[in-house]
file structure-v4.pdb (PDB, C-alpha atoms)
ATOM      1  CA  MET E  12     -40.661 -33.243  -7.985
ATOM      2  CA  LEU E  13     -41.869 -32.257 -11.438
ATOM      3  CA  LYS E  14     -42.940 -35.774 -12.385
ATOM      4  CA  THR E  15     -44.681 -36.181  -9.032
ATOM      5  CA  LEU E  16     -46.486 -32.845  -9.003
ATOM      6  CA  LEU E  17     -47.399 -32.628 -12.709
ATOM      7  CA  PRO E  18     -47.706 -36.279 -13.718
ATOM      8  CA  GLU E  19     -50.368 -36.160 -16.480
ATOM      9  CA  ARG E  20     -47.865 -36.578 -19.324
ATOM     10  CA  LYS E  21     -44.255 -37.628 -19.433
ATOM     11  CA  TRP E  22     -41.888 -34.634 -19.288
ATOM     12  CA  ASP E  23     -38.845 -34.889 -21.550
ATOM     13  CA  ALA E  24     -35.475 -35.184 -19.876
ATOM     14  CA  GLY E  25     -34.417 -31.678 -20.855
ATOM     15  CA  ALA E  26     -37.470 -30.052 -19.300
ATOM     16  CA  VAL E  27     -37.012 -31.971 -16.068
ATOM     17  CA  THR E  28     -33.299 -31.139 -15.919
ATOM     18  CA  ARG E  29     -33.813 -27.419 -16.499
ATOM     19  CA  ARG E  30     -36.434 -27.166 -13.779
ATOM     20  CA  ALA E  31     -34.585 -29.412 -11.354
ATOM     21  CA  ARG E  32     -31.631 -27.039 -11.462
ATOM     22  CA  LEU E  33     -33.869 -24.308 -10.081
ATOM     23  CA  VAL E  34     -34.215 -26.235  -6.837
ATOM     24  CA  SER E  35     -30.674 -25.307  -5.901
ATOM     25  CA  ALA E  36     -30.608 -22.381  -3.497
ATOM     26  CA  GLY E  37     -26.992 -21.853  -4.428
ATOM     27  CA  MET E  38     -27.902 -21.165  -8.053
ATOM     28  CA  LEU E  39     -30.311 -18.400  -7.122
ATOM     29  CA  LEU E  40     -27.901 -16.754  -4.717
ATOM     30  CA  ALA E  41     -25.095 -17.009  -7.252
ATOM     31  CA  LEU E  42     -26.926 -14.437  -9.359
ATOM     32  CA  GLY E  43     -25.677 -11.847  -6.872
ATOM     33  CA  PRO E  44     -26.978  -8.318  -7.338
ATOM     34  CA  GLN E  45     -28.870  -9.185 -10.509
ATOM     35  CA  PRO E  46     -32.668  -9.152 -10.063
ATOM     36  CA  ILE E  47     -33.740 -12.788  -9.922
ATOM     37  CA  ARG E  48     -37.348 -11.709 -10.579
ATOM     38  CA  HIS E  49     -39.136  -8.466 -11.148
ATOM     39  CA  GLN E  50     -40.668  -6.609  -8.219
ATOM     40  CA  THR E  51     -44.452  -6.873  -8.182
ATOM     41  CA  ALA E  52     -45.931  -3.383  -8.434
ATOM     42  CA  VAL E  53     -48.547  -2.099  -6.002
ATOM     43  CA  ALA E  54     -50.851  -1.443  -8.974
ATOM     44  CA  GLU E  55     -50.730  -5.145  -9.863
ATOM     45  CA  ILE E  56     -51.743  -6.153  -6.341
ATOM     46  CA  SER E  57     -54.732  -3.778  -6.107
ATOM     47  CA  PRO E  58     -57.096  -5.885  -8.301
ATOM     48  CA  LEU E  59     -56.479  -8.836  -6.007
ATOM     49  CA  LEU E  60     -57.654  -6.744  -3.053
ATOM     50  CA  LYS E  61     -60.858  -5.918  -4.919
ATOM     51  CA  TYR E  62     -62.003  -9.439  -5.715
ATOM     52  CA  VAL E  63     -61.029 -11.362  -2.562
ATOM     53  CA  ARG E  64     -62.723 -11.301   0.860
ATOM     54  CA  TRP E  65     -59.614 -10.511   2.866
ATOM     55  CA  ASP E  66     -61.656  -9.987   6.022
ATOM     56  CA  GLN E  67     -62.040 -13.785   6.096
ATOM     57  CA  PHE E  68     -58.290 -14.380   6.481
ATOM     58  CA  SER E  69     -56.091 -14.053   9.555
ATOM     59  CA  VAL E  70     -52.539 -14.870   8.442
ATOM     60  CA  ALA E  71     -51.019 -14.440   4.970
ATOM     61  CA  PHE E  72     -47.655 -15.728   3.797
ATOM     62  CA  ASP E  73     -45.444 -14.757   0.846
ATOM     63  CA  PRO E  74     -42.645 -17.314   0.317
ATOM     64  CA  TRP E  75     -41.034 -15.240  -2.492
ATOM     65  CA  ALA E  76     -41.305 -11.866  -0.795
ATOM     66  CA  GLY E  77     -38.365  -9.971  -2.283
ATOM     67  CA  VAL E  78     -38.429  -6.506  -0.729
ATOM     68  CA  GLY E  79     -41.771  -7.318   0.891
ATOM     69  CA  THR E  80     -44.214  -5.434  -1.347
ATOM     70  CA  ILE E  81     -47.058  -7.963  -1.139
ATOM     71  CA  PRO E  82     -47.016  -8.388   2.679
ATOM     72  CA  ARG E  83     -46.760  -4.611   3.091
ATOM     73  CA  VAL E  84     -49.707  -3.874   0.802
ATOM     74  CA  LEU E  85     -51.868  -6.504   2.510
ATOM     75  CA  CYS E  86     -51.101  -5.182   5.993
ATOM     76  CA  GLU E  87     -51.738  -1.575   4.987
ATOM     77  CA  ALA E  88     -55.070  -2.427   3.375
ATOM     78  CA  TYR E  89     -56.213  -4.820   6.122
ATOM     79  CA  PRO E  90     -54.731  -3.970   9.558
ATOM     80  CA  HIS E  91     -56.287  -7.092  11.090
ATOM     81  CA  LEU E  92     -54.235  -9.302   8.756
ATOM     82  CA  SER E  93     -50.857 -10.632   9.835
ATOM     83  CA  ALA E  94     -48.632 -10.992   6.739
ATOM     84  CA  HIS E  95     -45.211 -12.642   6.741
ATOM     85  CA  GLY E  96     -42.579 -12.982   4.032
ATOM     86  CA  ASN E  97     -39.773 -15.356   3.206
ATOM     87  CA  GLU E  98     -36.929 -14.311   0.923
ATOM     88  CA  LEU E  99     -33.967 -16.455  -0.045
ATOM     89  CA  ASP E 100     -31.760 -13.419  -0.588
ATOM     90  CA  PRO E 101     -30.412 -12.593   2.899
ATOM     91  CA  ARG E 102     -30.016  -8.941   1.906
ATOM     92  CA  CYS E 103     -33.792  -8.549   2.122
ATOM     93  CA  LYS E 104     -35.554  -8.241   5.465
ATOM     94  CA  ALA E 105     -37.992 -11.114   5.929
ATOM     95  CA  TYR E 106     -39.460 -13.523   8.466
ATOM     96  CA  SER E 107     -37.151 -16.234   7.097
ATOM     97  CA  THR E 108     -34.511 -16.727   4.388
ATOM     98  CA  LEU E 109     -35.209 -20.284   3.276
ATOM     99  CA  ASP E 110     -35.552 -21.924  -0.143
ATOM    100  CA  ALA E 111     -39.225 -21.903  -1.194
ATOM    101  CA  LEU E 112     -38.663 -24.894  -3.487
ATOM    102  CA  GLN E 113     -37.889 -27.243  -0.608
ATOM    103  CA  PRO E 114     -40.927 -29.155   0.785
ATOM    104  CA  GLY E 115     -39.310 -29.445   4.223
ATOM    105  CA  ASN E 116     -39.283 -25.667   4.593
ATOM    106  CA  TRP E 117     -42.980 -25.557   3.799
ATOM    107  CA  ALA E 118     -43.707 -28.016   6.584
ATOM    108  CA  LEU E 119     -41.895 -25.693   9.000
ATOM    109  CA  TRP E 120     -43.734 -22.572   7.807
ATOM    110  CA  ARG E 121     -47.092 -24.297   7.984
ATOM    111  CA  GLN E 122     -46.462 -25.311  11.590
ATOM    112  CA  ASP E 123     -44.944 -22.024  12.772
ATOM    113  CA  LEU E 124     -47.117 -19.463  10.980
ATOM    114  CA  GLN E 125     -50.430 -21.331  10.681
ATOM    115  CA  TYR E 126     -51.250 -19.174   7.657
ATOM    116  CA  ASP E 127     -54.602 -19.524   5.900
ATOM    117  CA  VAL E 128     -53.616 -17.953   2.558
ATOM    118  CA  VAL E 129     -50.443 -17.787   0.468
ATOM    119  CA  VAL E 130     -49.961 -14.787  -1.845
ATOM    120  CA  CYS E 131     -46.801 -14.501  -3.920
ATOM    121  CA  SER E 132     -44.958 -13.803  -7.152
ATOM    122  CA  PRO E 133     -42.451 -16.647  -7.587
ATOM    123  CA  TYR E 134     -39.306 -16.640  -9.659
ATOM    124  CA  PHE E 135     -41.004 -17.087 -13.054
ATOM    125  CA  PRO E 136     -38.775 -19.881 -14.470
ATOM    126  CA  ALA E 137     -39.638 -21.942 -11.383
ATOM    127  CA  LEU E 138     -43.450 -21.722 -11.732
ATOM    128  CA  ASP E 139     -43.902 -25.336 -12.865
ATOM    129  CA  LEU E 140     -42.294 -26.464  -9.617
ATOM    130  CA  ALA E 141     -43.403 -23.692  -7.286
ATOM    131  CA  VAL E 142     -47.148 -23.628  -7.988
ATOM    132  CA  PRO E 143     -47.993 -27.336  -7.490
ATOM    133  CA  LEU E 144     -45.606 -27.507  -4.531
ATOM    134  CA  MET E 145     -47.323 -24.578  -2.806
ATOM    135  CA  MET E 146     -50.698 -26.220  -3.394
ATOM    136  CA  GLU E 147     -49.606 -29.066  -1.163
ATOM    137  CA  PHE E 148     -49.237 -26.655   1.768
ATOM    138  CA  ALA E 149     -51.762 -23.856   1.083
ATOM    139  CA  PRO E 150     -55.548 -24.224   1.315
ATOM    140  CA  VAL E 151     -55.869 -20.938  -0.598
ATOM    141  CA  LEU E 152     -53.184 -19.783  -3.023
ATOM    142  CA  PHE E 153     -52.909 -16.618  -5.128
ATOM    143  CA  VAL E 154     -49.955 -16.568  -7.516
ATOM    144  CA  HIS E 155     -48.784 -13.700  -9.708
ATOM    145  CA  VAL E 156     -47.824 -15.404 -12.988
ATOM    146  CA  ARG E 157     -46.985 -14.555 -16.579
ATOM    147  CA  VAL E 158     -50.013 -14.529 -18.870
ATOM    148  CA  ASP E 159     -48.214 -16.719 -21.385
ATOM    149  CA  TRP E 160     -47.532 -19.304 -18.658
ATOM    150  CA  LEU E 161     -51.307 -19.841 -18.583
ATOM    151  CA  PHE E 162     -52.533 -19.134 -22.081
ATOM    152  CA  SER E 163     -49.588 -20.400 -24.137
ATOM    153  CA  SER E 164     -48.765 -23.271 -21.853
ATOM    154  CA  SER E 165     -47.400 -26.739 -22.429
ATOM    155  CA  VAL E 166     -49.666 -29.730 -22.896
ATOM    156  CA  GLN E 167     -48.724 -30.985 -19.439
ATOM    157  CA  ARG E 168     -49.661 -27.702 -17.821
ATOM    158  CA  GLN E 169     -52.886 -27.368 -19.813
ATOM    159  CA  GLU E 170     -54.091 -30.774 -18.679
ATOM    160  CA  TRP E 171     -53.161 -30.071 -15.076
ATOM    161  CA  LEU E 172     -54.883 -26.667 -14.995
ATOM    162  CA  GLY E 173     -57.870 -28.090 -16.867
ATOM    163  CA  ARG E 174     -58.387 -30.691 -14.168
ATOM    164  CA  LEU E 175     -58.297 -28.004 -11.475
ATOM    165  CA  ASP E 176     -60.822 -25.901 -13.370
ATOM    166  CA  ALA E 177     -63.145 -28.858 -13.932
ATOM    167  CA  ALA E 178     -63.090 -29.421 -10.174
ATOM    168  CA  GLY E 179     -64.158 -25.798  -9.554
ATOM    169  CA  ARG E 180     -60.909 -24.870  -7.816
ATOM    170  CA  THR E 181     -59.433 -22.025  -9.898
ATOM    171  CA  VAL E 182     -59.948 -18.366 -10.713
ATOM    172  CA  ILE E 183     -57.922 -16.028 -12.903
ATOM    173  CA  ILE E 184     -57.811 -12.241 -12.561
ATOM    174  CA  VAL E 185     -56.561 -10.611 -15.747
ATOM    175  CA  ASN E 186     -56.095  -7.139 -17.247
ATOM    176  CA  LEU E 187     -53.665  -6.108 -14.523
ATOM    177  CA  PRO E 188     -51.936  -2.725 -14.881
ATOM    178  CA  ARG E 189     -48.414  -2.886 -16.232
ATOM    179  CA  GLY E 190     -45.929  -3.562 -13.465
ATOM    180  CA  ASN E 191     -42.153  -3.442 -13.317
ATOM    181  CA  SER E 192     -41.601  -6.133 -15.933
ATOM    182  CA  GLY E 193     -41.711  -3.967 -19.044
ATOM    183  CA  SER E 194     -43.665  -5.617 -21.840
ATOM    184  CA  LEU E 195     -44.390  -8.761 -19.820
ATOM    185  CA  SER E 196     -48.113  -9.182 -19.058
ATOM    186  CA  CYS E 197     -49.096 -10.869 -15.802
ATOM    187  CA  CYS E 198     -52.246 -12.076 -14.066
ATOM    188  CA  TRP E 199     -53.317 -13.614 -10.760
ATOM    189  CA  LEU E 200     -54.058 -17.334 -10.564
ATOM    190  CA  GLY E 201     -56.112 -18.422  -7.571
ATOM    191  CA  ILE E 202     -56.170 -22.095  -6.561
ATOM    192  CA  PHE E 203     -58.366 -23.451  -3.764
ATOM    193  CA  ASP E 204     -58.471 -26.781  -1.976
ATOM    194  CA  THR E 205     -62.222 -27.043  -2.640
ATOM    195  CA  PRO E 206     -64.943 -25.197  -4.616
ATOM    196  CA  ALA E 207     -66.495 -24.250  -1.261
ATOM    197  CA  LEU E 208     -63.379 -22.283  -0.357
ATOM    198  CA  ARG E 209     -63.498 -20.487  -3.696
ATOM    199  CA  ALA E 210     -67.099 -19.455  -3.095
ATOM    200  CA  ARG E 211     -66.306 -18.369   0.445
ATOM    201  CA  TYR E 212     -63.317 -16.165  -0.325
ATOM    202  CA  MET E 213     -64.143 -14.594  -3.698
ATOM    203  CA  VAL E 214     -66.273 -11.422  -3.719
ATOM    204  CA  GLN E 215     -68.144 -12.516  -6.843
ATOM    205  CA  ASP E 216     -68.916 -15.997  -8.056
ATOM    206  CA  ARG E 217     -67.154 -15.296 -11.362
ATOM    207  CA  PRO E 218     -64.957 -12.218 -10.795
ATOM    208  CA  LEU E 219     -63.324 -11.946 -14.213
ATOM    209  CA  ILE E 220     -62.584 -15.152 -16.065
ATOM    210  CA  TRP E 221     -62.016 -18.801 -15.251
ATOM    211  CA  TRP E 222     -59.459 -21.117 -16.781
TER     212      TRP E 222
END
call {"tool": "encode", "arguments": {"input": "structure-v4.pdb", "output": "structure tokens"}}
result
Amino acid sequence: MLKTLLPERKWDAGAVTRRARLVSAGMLLALGPQPIRHQTAVAEISPLLKYVRWDQFSVAFDPWAGVGTIPRVLCEAYPHLSAHGNELDPRCKAYSTLDALQPGNWALWRQDLQYDVVVCSPYFPALDLAVPLMMEFAPVLFVHVRVDWLFSSSVQRQEWLGRLDAAGRTVIIVNLPRGNSGSLSCCWLGIFDTPALRARYMVQDRPLIWW
């Protein structure tokens, strides 16, 4: 998956192996009661509400929903919006409990939910797999990511993100309030199928910064 989705440079065997292990649903569930990712804070989601034209969307989907903070905030802010969540941990209440790193599950969600935007905060070690995979199934994607994943990224990731930016398909919203991750700084990465979609759904042409 990694070599297919991020093919610009050859990934070393160790990098591929480490990320491939994340595909296993069993590994994530084996973590038990330990938090497999931090909970996105409401304060971190608020800037995303400010810069996106949510009135243009009908159905939102969060494939890494956790306790459901993102779908809840979206529904409370925009009652017209139907927001659904998926969470692998069966202890959390969600629309489904499938593995968000499996392409087959995405095909099912796309057919059943007919969502027009995906908004999520994936398990951070899986970002190199999760982000390009979600792009294959989401015309509009907003991902809560670590700042260092963008600005201190690998050569492979830099080239991949640079190509998206050159095509006019990305936006980054920074300076988010501190969330539940302690000293870890995060931001929102928006990726669109086309520049026209970016212009349609963003409140301003250049809301904060671009990659």
call {"tool": "residues_around", "arguments": {"input": "structure-v4.pdb", "residues": "region 153-165 of chain E", "least_positions_apart": "2", "cutoff": "7 Å", "atoms": "all atoms listed in the file", "output": "PyMOL selection string"}}
result
chain E and resi 129-132+151+167-169+196-202
call {"tool": "resolve_selection", "arguments": {"input": "structure-v4.pdb", "expression": "the PyMOL selection byres ((chain E and resi 117) around 12)", "output": "VMD selection string"}}
result
chain E and resid 72 to 74 97 107 109 to 116 118 to 126 129 141 144 to 149
call {"tool": "residues_around", "arguments": {"input": "structure-v4.pdb", "residues": "region 177-181 of chain E", "least_positions_apart": "5", "cutoff": "8 Å", "atoms": "only C-alpha atoms", "output": "list in words"}}
result
Leu200, Gly201, Ile202, Phe203, Asp204, Thr205, Pro206, Arg209, Trp221 and Trp222 of chain E
call {"tool": "resolve_selection", "arguments": {"input": "structure-v4.pdb", "expression": "the PyMOL selection byres ((chain E and resi 186) around 12)", "output": "ChimeraX atom specification"}}
result
/E:54-59,157-158,183-185,187-190,196-199,219-220
call {"tool": "atom_distance", "arguments": {"input": "structure-v4.pdb", "atom1": "CA of Val78 (chain E)", "atom2": "CA of Lys104 (chain E)"}}
result
7.0 Å
call {"tool": "atom_distance", "arguments": {"input": "structure-v4.pdb", "atom1": "CA of Cys103 (chain E)", "atom2": "CA of Val70 (chain E)"}}
result
20.8 Å
call {"tool": "atom_distance", "arguments": {"input": "structure-v4.pdb", "atom1": "CA of Val84 (chain E)", "atom2": "CA of Val182 (chain E)"}}
result
21.2 Å
call {"tool": "closest_residue", "arguments": {"input": "structure-v4.pdb", "among": "E:Leu208, E:Pro150, E:Leu140, E:Ser69", "to": "Pro90 (chain E)", "atoms": "all atoms listed in the file"}}
result
E:Ser69
call {"tool": "resolve_selection", "arguments": {"input": "structure-v4.pdb", "expression": "the PyMOL selection byres ((chain E and resi 213) around 10)", "output": "PyMOL selection string"}}
result
chain E and resi 59+61-65+182+201+208-212+214-218
call {"tool": "residues_near_point", "arguments": {"input": "structure-v4.pdb", "point": "(-36.3, -14.2, -2.5)", "cutoff": "6 Å", "atoms": "all atoms listed in the file", "output": "ChimeraX atom specification"}}
result
/E:75-77,98-100
call {"tool": "decode", "arguments": {"input": "structure-v4.pdb", "residues": "region 90-142 of chain E", "atoms": "C-alpha atoms", "output": "PDB file, in the first residue's frame"}}
result
ATOM      1  CA  PRO E  90     -28.002  20.646  12.337  1.00  0.00           C
ATOM      2  CA  HIS E  91     -28.556  20.056   8.614  1.00  0.00           C
ATOM      3  CA  LEU E  92     -25.382  17.950   8.441  1.00  0.00           C
ATOM      4  CA  SER E  93     -25.531  14.194   8.912  1.00  0.00           C
ATOM      5  CA  ALA E  94     -22.255  13.025  10.512  1.00  0.00           C
ATOM      6  CA  HIS E  95     -21.285   9.384  10.991  1.00  0.00           C
ATOM      7  CA  GLY E  96     -18.328   7.776  12.737  1.00  0.00           C
ATOM      8  CA  ASN E  97     -16.414   4.540  12.487  1.00  0.00           C
ATOM      9  CA  GLU E  98     -14.299   3.285  15.376  1.00  0.00           C
ATOM     10  CA  LEU E  99     -12.313   0.068  15.430  1.00  0.00           C
ATOM     11  CA  ASP E 100     -12.574  -0.204  19.204  1.00  0.00           C
ATOM     12  CA  PRO E 101     -15.946  -1.916  19.798  1.00  0.00           C
ATOM     13  CA  ARG E 102     -16.214  -0.255  23.211  1.00  0.00           C
ATOM     14  CA  CYS E 103     -17.002   3.031  21.468  1.00  0.00           C
ATOM     15  CA  LYS E 104     -20.435   3.720  20.016  1.00  0.00           C
ATOM     16  CA  ALA E 105     -20.184   4.282  16.270  1.00  0.00           C
ATOM     17  CA  TYR E 106     -21.906   3.673  12.945  1.00  0.00           C
ATOM     18  CA  SER E 107     -19.431   0.847  12.280  1.00  0.00           C
ATOM     19  CA  THR E 108     -16.420  -0.841  13.905  1.00  0.00           C
ATOM     20  CA  LEU E 109     -14.257  -1.618  10.889  1.00  0.00           C
ATOM     21  CA  ASP E 110     -10.552  -1.148  10.152  1.00  0.00           C
ATOM     22  CA  ALA E 111     -10.018   2.232   8.452  1.00  0.00           C
ATOM     23  CA  LEU E 112      -6.795   0.995   6.839  1.00  0.00           C
ATOM     24  CA  GLN E 113      -8.588  -1.560   4.680  1.00  0.00           C
ATOM     25  CA  PRO E 114      -9.602  -0.302   1.184  1.00  0.00           C
ATOM     26  CA  GLY E 115     -12.517  -2.751   1.024  1.00  0.00           C
ATOM     27  CA  ASN E 116     -14.143  -1.102   4.032  1.00  0.00           C
ATOM     28  CA  TRP E 117     -13.883   2.268   2.332  1.00  0.00           C
ATOM     29  CA  ALA E 118     -15.731   0.945  -0.695  1.00  0.00           C
ATOM     30  CA  LEU E 119     -18.558  -0.155   1.611  1.00  0.00           C
ATOM     31  CA  TRP E 120     -18.726   3.185   3.446  1.00  0.00           C
ATOM     32  CA  ARG E 121     -18.707   5.137   0.210  1.00  0.00           C
ATOM     33  CA  GLN E 122     -21.650   3.127  -1.105  1.00  0.00           C
ATOM     34  CA  ASP E 123     -23.688   3.071   2.112  1.00  0.00           C
ATOM     35  CA  LEU E 124     -23.149   6.594   3.450  1.00  0.00           C
ATOM     36  CA  GLN E 125     -22.631   8.574   0.231  1.00  0.00           C
ATOM     37  CA  TYR E 126     -20.642  11.118   2.242  1.00  0.00           C
ATOM     38  CA  ASP E 127     -19.285  14.251   0.571  1.00  0.00           C
ATOM     39  CA  VAL E 128     -16.584  15.095   3.140  1.00  0.00           C
ATOM     40  CA  VAL E 129     -14.312  13.098   5.444  1.00  0.00           C
ATOM     41  CA  VAL E 130     -13.116  14.749   8.675  1.00  0.00           C
ATOM     42  CA  CYS E 131     -10.899  12.815  11.066  1.00  0.00           C
ATOM     43  CA  SER E 132      -7.901  12.500  13.355  1.00  0.00           C
ATOM     44  CA  PRO E 133      -6.229   9.186  12.475  1.00  0.00           C
ATOM     45  CA  TYR E 134      -3.922   7.133  14.631  1.00  0.00           C
ATOM     46  CA  PHE E 135      -0.806   9.292  14.136  1.00  0.00           C
ATOM     47  CA  PRO E 136       1.731   6.507  13.372  1.00  0.00           C
ATOM     48  CA  ALA E 137      -0.551   5.400  10.529  1.00  0.00           C
ATOM     49  CA  LEU E 138      -0.756   8.794   8.755  1.00  0.00           C
ATOM     50  CA  ASP E 139       1.475   7.791   5.829  1.00  0.00           C
ATOM     51  CA  LEU E 140      -0.978   5.008   5.025  1.00  0.00           C
ATOM     52  CA  ALA E 141      -4.228   6.590   6.159  1.00  0.00           C
ATOM     53  CA  VAL E 142      -4.043   9.952   4.375  1.00  0.00           C
TER      54      VAL E 142
END
